[in-house]
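The structure under discussion appears below in the form of structure tokens.
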Amino acid sequence: MKSKRPFSYLSFASFAVIIGVWCLLTYGGVLNKIFLPTPTAVGQAILDMYKDGTLGSHIGASTYRILVGWVLSAVAAVPIGMLMANSKKFSAIIQPVIEFARYLPVVALVPLTLLYCGIGEYQKFVIIFLGTFFQLVLMVNDTVSSVDKNLLNAAKTLGASKWQSYVLVLYPASLPGFMDSFRVTMGWAWTYLVVAEMIAANSGLGYVILKSQRFLATDKIFAGLILIGLIGLLTDWLFKLLTQLVVPWHERLGDK
Amino acid sequence: MDKLCIKNLNKTFTNPNGNIVHALKDINLTIKEKEFAVIVGPSGCGKSTLLNIVGGLEHATNGIVQVEGVNVIEPGADRGMVFQNYSLFPWLTVKENVEFGLKIKKMKPQERAEISEKYIEIVGLRGFEDALPKTLSGGMKQRAAIARTLANKPSLLLMDEPFGALDAQTRIVMQELLASISRKTETTVLFITHDIDEALLLGDKIYVMSRRPGCIKEEITVDLQGERGHNTLVLPQFIEMKTKIMQMLWQESKDAAEQK
């Protein structure tokens, strides 16, 4: 981690440039405040939300929906993807269906989910599940299929049964790939959540953005966007940390 | 009883172009208890395929493979394998790797620890019990892999060019180590290599394979007296045998090249 310090400098700098340009455009009076609010106004909007207590509840509502929908999807996708990688028969049954479903835009499914599930929490879980599950199954399948065959052969010649080679070799060898897939699909989950919240919800960050549009409150829209970005940054960082904890043995290009 | 007995073994497969390739042809081979047998052959002659068939990882098209009189149909702990690319489990420490097979046998932790300690000592990895494979050098990884296989007490040890990826100096050290281990543990070994020096340093018996379709061209009994080590490489009998094998392999490689 120590060697990464000079690079975090660079990451910081890239944000500084963006904020700098933003300041220039707004305080410098280049753009109308309706189009691009000043950083102060956006900060104020977040502060206001914090003061009237809605900040926590919106973030909480969104995070909760993400967690439930995404965890359900991950829990279902891992065993199915692993089975697909190991059984040609099972793969023949399920792969075409998943390939088909994966190309259906989740946004196009929103009307149906509203019809079937109403406008409650349940519908949000379903949207996030549909948006991530099919992709995740294929990603898990790919990860498991590309595990070094020599490791499985080694396990077999050490006496491992088929089941033991799944649990003791295939699963741990796939974990780094799983963690990457989890991190990527978690990002998609946020996208789908905001879509769901903008269509039918009365809480959550997507709802904040949509409601602000009606009042032309661009400062609040930007506040919502920045909050989503920050939460994304935080989850990504947490995932990287978690990956180091779960698979400390994993060697990556660029390590050392 | 012979430790390993291969009778009239053939292996053919269909390559991606749809052509049938005859990889192994009429292989007959017997290895006695405690014997160190080495197969040398030009690259692509099917020697690894033969080893994989004995290990149960591939199937012969026809013919018989028996270990201690029992037909080989699938991989098993009785035939331990050491691979060229080490194949250590990267998420397990050296000790956990060595204990992998023992854990599968449901051995108690204390018993496991005793055995792993013994073999880690034998291969000279003491002090590295808790190291992860990614922190080890190639030679050390192969030491750990050998310990992992030996700890399982296989009745036949199969080695597929285990030192092929190591640098020349490390290779000689590893060859001497393996020679002493196999003598100490009285393990029967079937070893595959394309390196003639290695074959003569380690083998009691050397089988020279032809180019594809691979068959056993010559069986040579090595009668070098005493302990073999890096000094053996300059003995007159050594050079005589080496020359003989080299000529055979050279002819095979040349023919193979012209065939293409």
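Residue numbering restarts at 1 in every chain; chains get A, B, ... in the order shown in the structure tokens, and ligands count up from 1 in that same order.
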
Restrict the calculation to only C-alpha atoms, then for each residue of chain B with any atom at most 12 Å from an atom of chain A give the closest atom pair and their distance in Å to one decimal, rows by chain and rising residue number, as CSV.
residue,atom,partner,partner_atom,distance
B:Asn52,CA,A:Asn153,CA,9.7
B:Ile53,CA,A:Thr157,CA,11.9
B:Val54,CA,A:Thr157,CA,10.8
B:Gly55,CA,A:Thr157,CA,7.1
B:Gly56,CA,A:Thr157,CA,8.2
B:Leu57,CA,A:Asn153,CA,7.1
B:Glu58,CA,A:Asn153,CA,10.5
B:Glu74,CA,A:Lys156,CA,8.9
B:Pro75,CA,A:Thr157,CA,5.3
B:Gly76,CA,A:Gly159,CA,5.0
B:Ala77,CA,A:Gly159,CA,4.3
B:Asp78,CA,A:Thr157,CA,8.0
B:Arg79,CA,A:Thr157,CA,6.6
B:Gly80,CA,A:Thr157,CA,5.7
B:Met81,CA,A:Thr157,CA,6.2
B:Val82,CA,A:Ala154,CA,7.9
B:Phe83,CA,A:Ala154,CA,8.1
B:Gln84,CA,A:Asn150,CA,9.9
B:Asn85,CA,A:Asn150,CA,8.2
B:Tyr86,CA,A:Asn150,CA,8.8
B:Ser87,CA,A:Leu151,CA,5.4
B:Leu88,CA,A:Leu151,CA,7.1
B:Phe89,CA,A:Leu151,CA,6.8
B:Pro90,CA,A:Trp249,CA,6.2
B:Trp91,CA,A:Trp249,CA,5.3
B:Leu92,CA,A:Trp249,CA,8.1
B:Thr93,CA,A:Trp249,CA,9.2
B:Glu96,CA,A:Leu168,CA,11.8
B:Asn97,CA,A:Ala155,CA,10.3
B:Val98,CA,A:Leu158,CA,10.1
B:Glu99,CA,A:Leu158,CA,10.0
B:Phe100,CA,A:Leu158,CA,7.5
B:Gly101,CA,A:Leu158,CA,5.1
B:Leu102,CA,A:Leu158,CA,8.6
B:Lys103,CA,A:Ala160,CA,9.8
B:Ile104,CA,A:Ala160,CA,6.5
B:Lys105,CA,A:Gly159,CA,7.9
B:Lys106,CA,A:Gly159,CA,11.3
B:Ala131,CA,A:Trp249,CA,10.1
B:Leu132,CA,A:Trp249,CA,6.8
B:Pro133,CA,A:Trp249,CA,8.2
B:Lys134,CA,A:Trp249,CA,7.2
B:Thr135,CA,A:Trp249,CA,9.4
B:Ala145,CA,A:Ala154,CA,9.5
B:Ile146,CA,A:Ala154,CA,11.5
B:Ala147,CA,A:Leu158,CA,11.9
B:Arg148,CA,A:Leu158,CA,8.5
B:Thr149,CA,A:Leu158,CA,7.1
B:Leu150,CA,A:Leu158,CA,9.9
B:Ala151,CA,A:Leu158,CA,9.8
B:Asn152,CA,A:Leu158,CA,7.0
B:Lys153,CA,A:Leu158,CA,9.9
B:Pro154,CA,A:Leu158,CA,8.9
B:Leu156,CA,A:Thr157,CA,11.2
B:Leu157,CA,A:Thr157,CA,10.4
B:Leu158,CA,A:Thr157,CA,9.9
B:Met159,CA,A:Ala154,CA,11.8

Writer output for current selection, C-alpha atoms, as an mmCIF file, in the first residue's frame:
data_model
loop_
_atom_site.group_PDB
_atom_site.id
_atom_site.type_symbol
_atom_site.label_atom_id
_atom_site.label_comp_id
_atom_site.auth_asym_id
_atom_site.auth_seq_id
_atom_site.Cartn_x
_atom_site.Cartn_y
_atom_site.Cartn_z
ATOM 1 C CA ASN B 52 -1.312 -38.304 -17.682
ATOM 2 C CA ILE B 53 -2.850 -41.623 -18.665
ATOM 3 C CA VAL B 54 -1.018 -43.356 -15.824
ATOM 4 C CA GLY B 55 -2.177 -40.552 -13.521
ATOM 5 C CA GLY B 56 -5.771 -41.088 -14.661
ATOM 6 C CA LEU B 57 -6.127 -37.552 -16.017
ATOM 7 C CA GLU B 58 -6.436 -38.782 -19.615
ATOM 8 C CA GLU B 74 -9.416 -42.266 -12.734
ATOM 9 C CA PRO B 75 -6.988 -40.100 -10.762
ATOM 10 C CA GLY B 76 -6.241 -41.227 -7.237
ATOM 11 C CA ALA B 77 -4.039 -40.543 -4.258
ATOM 12 C CA ASP B 78 -2.053 -43.743 -4.931
ATOM 13 C CA ARG B 79 -0.463 -42.038 -7.942
ATOM 14 C CA GLY B 80 0.975 -38.714 -6.817
ATOM 15 C CA MET B 81 1.857 -36.237 -9.529
ATOM 16 C CA VAL B 82 4.339 -33.379 -9.665
ATOM 17 C CA PHE B 83 3.830 -30.925 -12.503
ATOM 18 C CA GLN B 84 6.220 -28.639 -14.304
ATOM 19 C CA ASN B 85 4.277 -25.530 -13.303
ATOM 20 C CA TYR B 86 4.198 -26.520 -9.587
ATOM 21 C CA SER B 87 0.396 -26.119 -9.317
ATOM 22 C CA LEU B 88 0.519 -25.111 -5.684
ATOM 23 C CA PHE B 89 -2.761 -23.770 -4.334
ATOM 24 C CA PRO B 90 -1.954 -20.058 -4.125
ATOM 25 C CA TRP B 91 -4.428 -19.387 -1.291
ATOM 26 C CA LEU B 92 -2.823 -21.955 1.019
ATOM 27 C CA THR B 93 0.456 -21.645 2.914
ATOM 28 C CA GLU B 96 -1.534 -26.142 4.232
ATOM 29 C CA ASN B 97 -0.534 -27.156 0.712
ATOM 30 C CA VAL B 98 1.471 -30.084 2.053
ATOM 31 C CA GLU B 99 -1.447 -31.125 4.244
ATOM 32 C CA PHE B 100 -4.035 -30.861 1.461
ATOM 33 C CA GLY B 101 -4.131 -34.577 0.647
ATOM 34 C CA LEU B 102 -4.019 -35.543 4.316
ATOM 35 C CA LYS B 103 -6.967 -33.317 5.087
ATOM 36 C CA ILE B 104 -8.931 -35.031 2.334
ATOM 37 C CA LYS B 105 -8.088 -38.335 3.993
ATOM 38 C CA LYS B 106 -9.674 -36.834 7.121
ATOM 39 C CA ALA B 131 4.694 -18.613 3.538
ATOM 40 C CA LEU B 132 2.278 -18.176 0.655
ATOM 41 C CA PRO B 133 3.374 -19.609 -2.719
ATOM 42 C CA LYS B 134 3.588 -16.158 -4.312
ATOM 43 C CA THR B 135 6.475 -15.285 -1.996
ATOM 44 C CA ALA B 145 4.943 -29.338 -4.465
ATOM 45 C CA ILE B 146 7.169 -32.391 -4.023
ATOM 46 C CA ALA B 147 6.558 -32.353 -0.266
ATOM 47 C CA ARG B 148 2.811 -32.081 -0.889
ATOM 48 C CA THR B 149 2.861 -35.139 -3.130
ATOM 49 C CA LEU B 150 5.180 -37.214 -0.922
ATOM 50 C CA ALA B 151 3.202 -36.445 2.243
ATOM 51 C CA ASN B 152 0.319 -38.290 0.624
ATOM 52 C CA LYS B 153 2.506 -41.439 0.500
ATOM 53 C CA PRO B 154 1.738 -42.359 -3.110
ATOM 54 C CA LEU B 156 3.866 -44.407 -7.484
ATOM 55 C CA LEU B 157 5.305 -40.931 -7.985
ATOM 56 C CA LEU B 158 4.703 -39.407 -11.430
ATOM 57 C CA MET B 159 6.785 -36.392 -12.401
#

Query - Selection near Ile94 in chain A, 10 Å with only C-alpha atoms, sequence-local residues under 5 positions removed, as JSON, numbers by chain - result: {"A": [80, 81, 84, 88, 89, 99]}

**Report entry** Exercise: Lys217 in chain B partners within 10 Å, only C-alpha atoms, chain neighbours under 5 positions left out, as a list of chain:residue names
**Finding:** B:Ile27, B:Gly41, B:Tyr207, B:Val208, B:Met209, B:Ser210, B:Arg211, B:Met248, B:Leu249
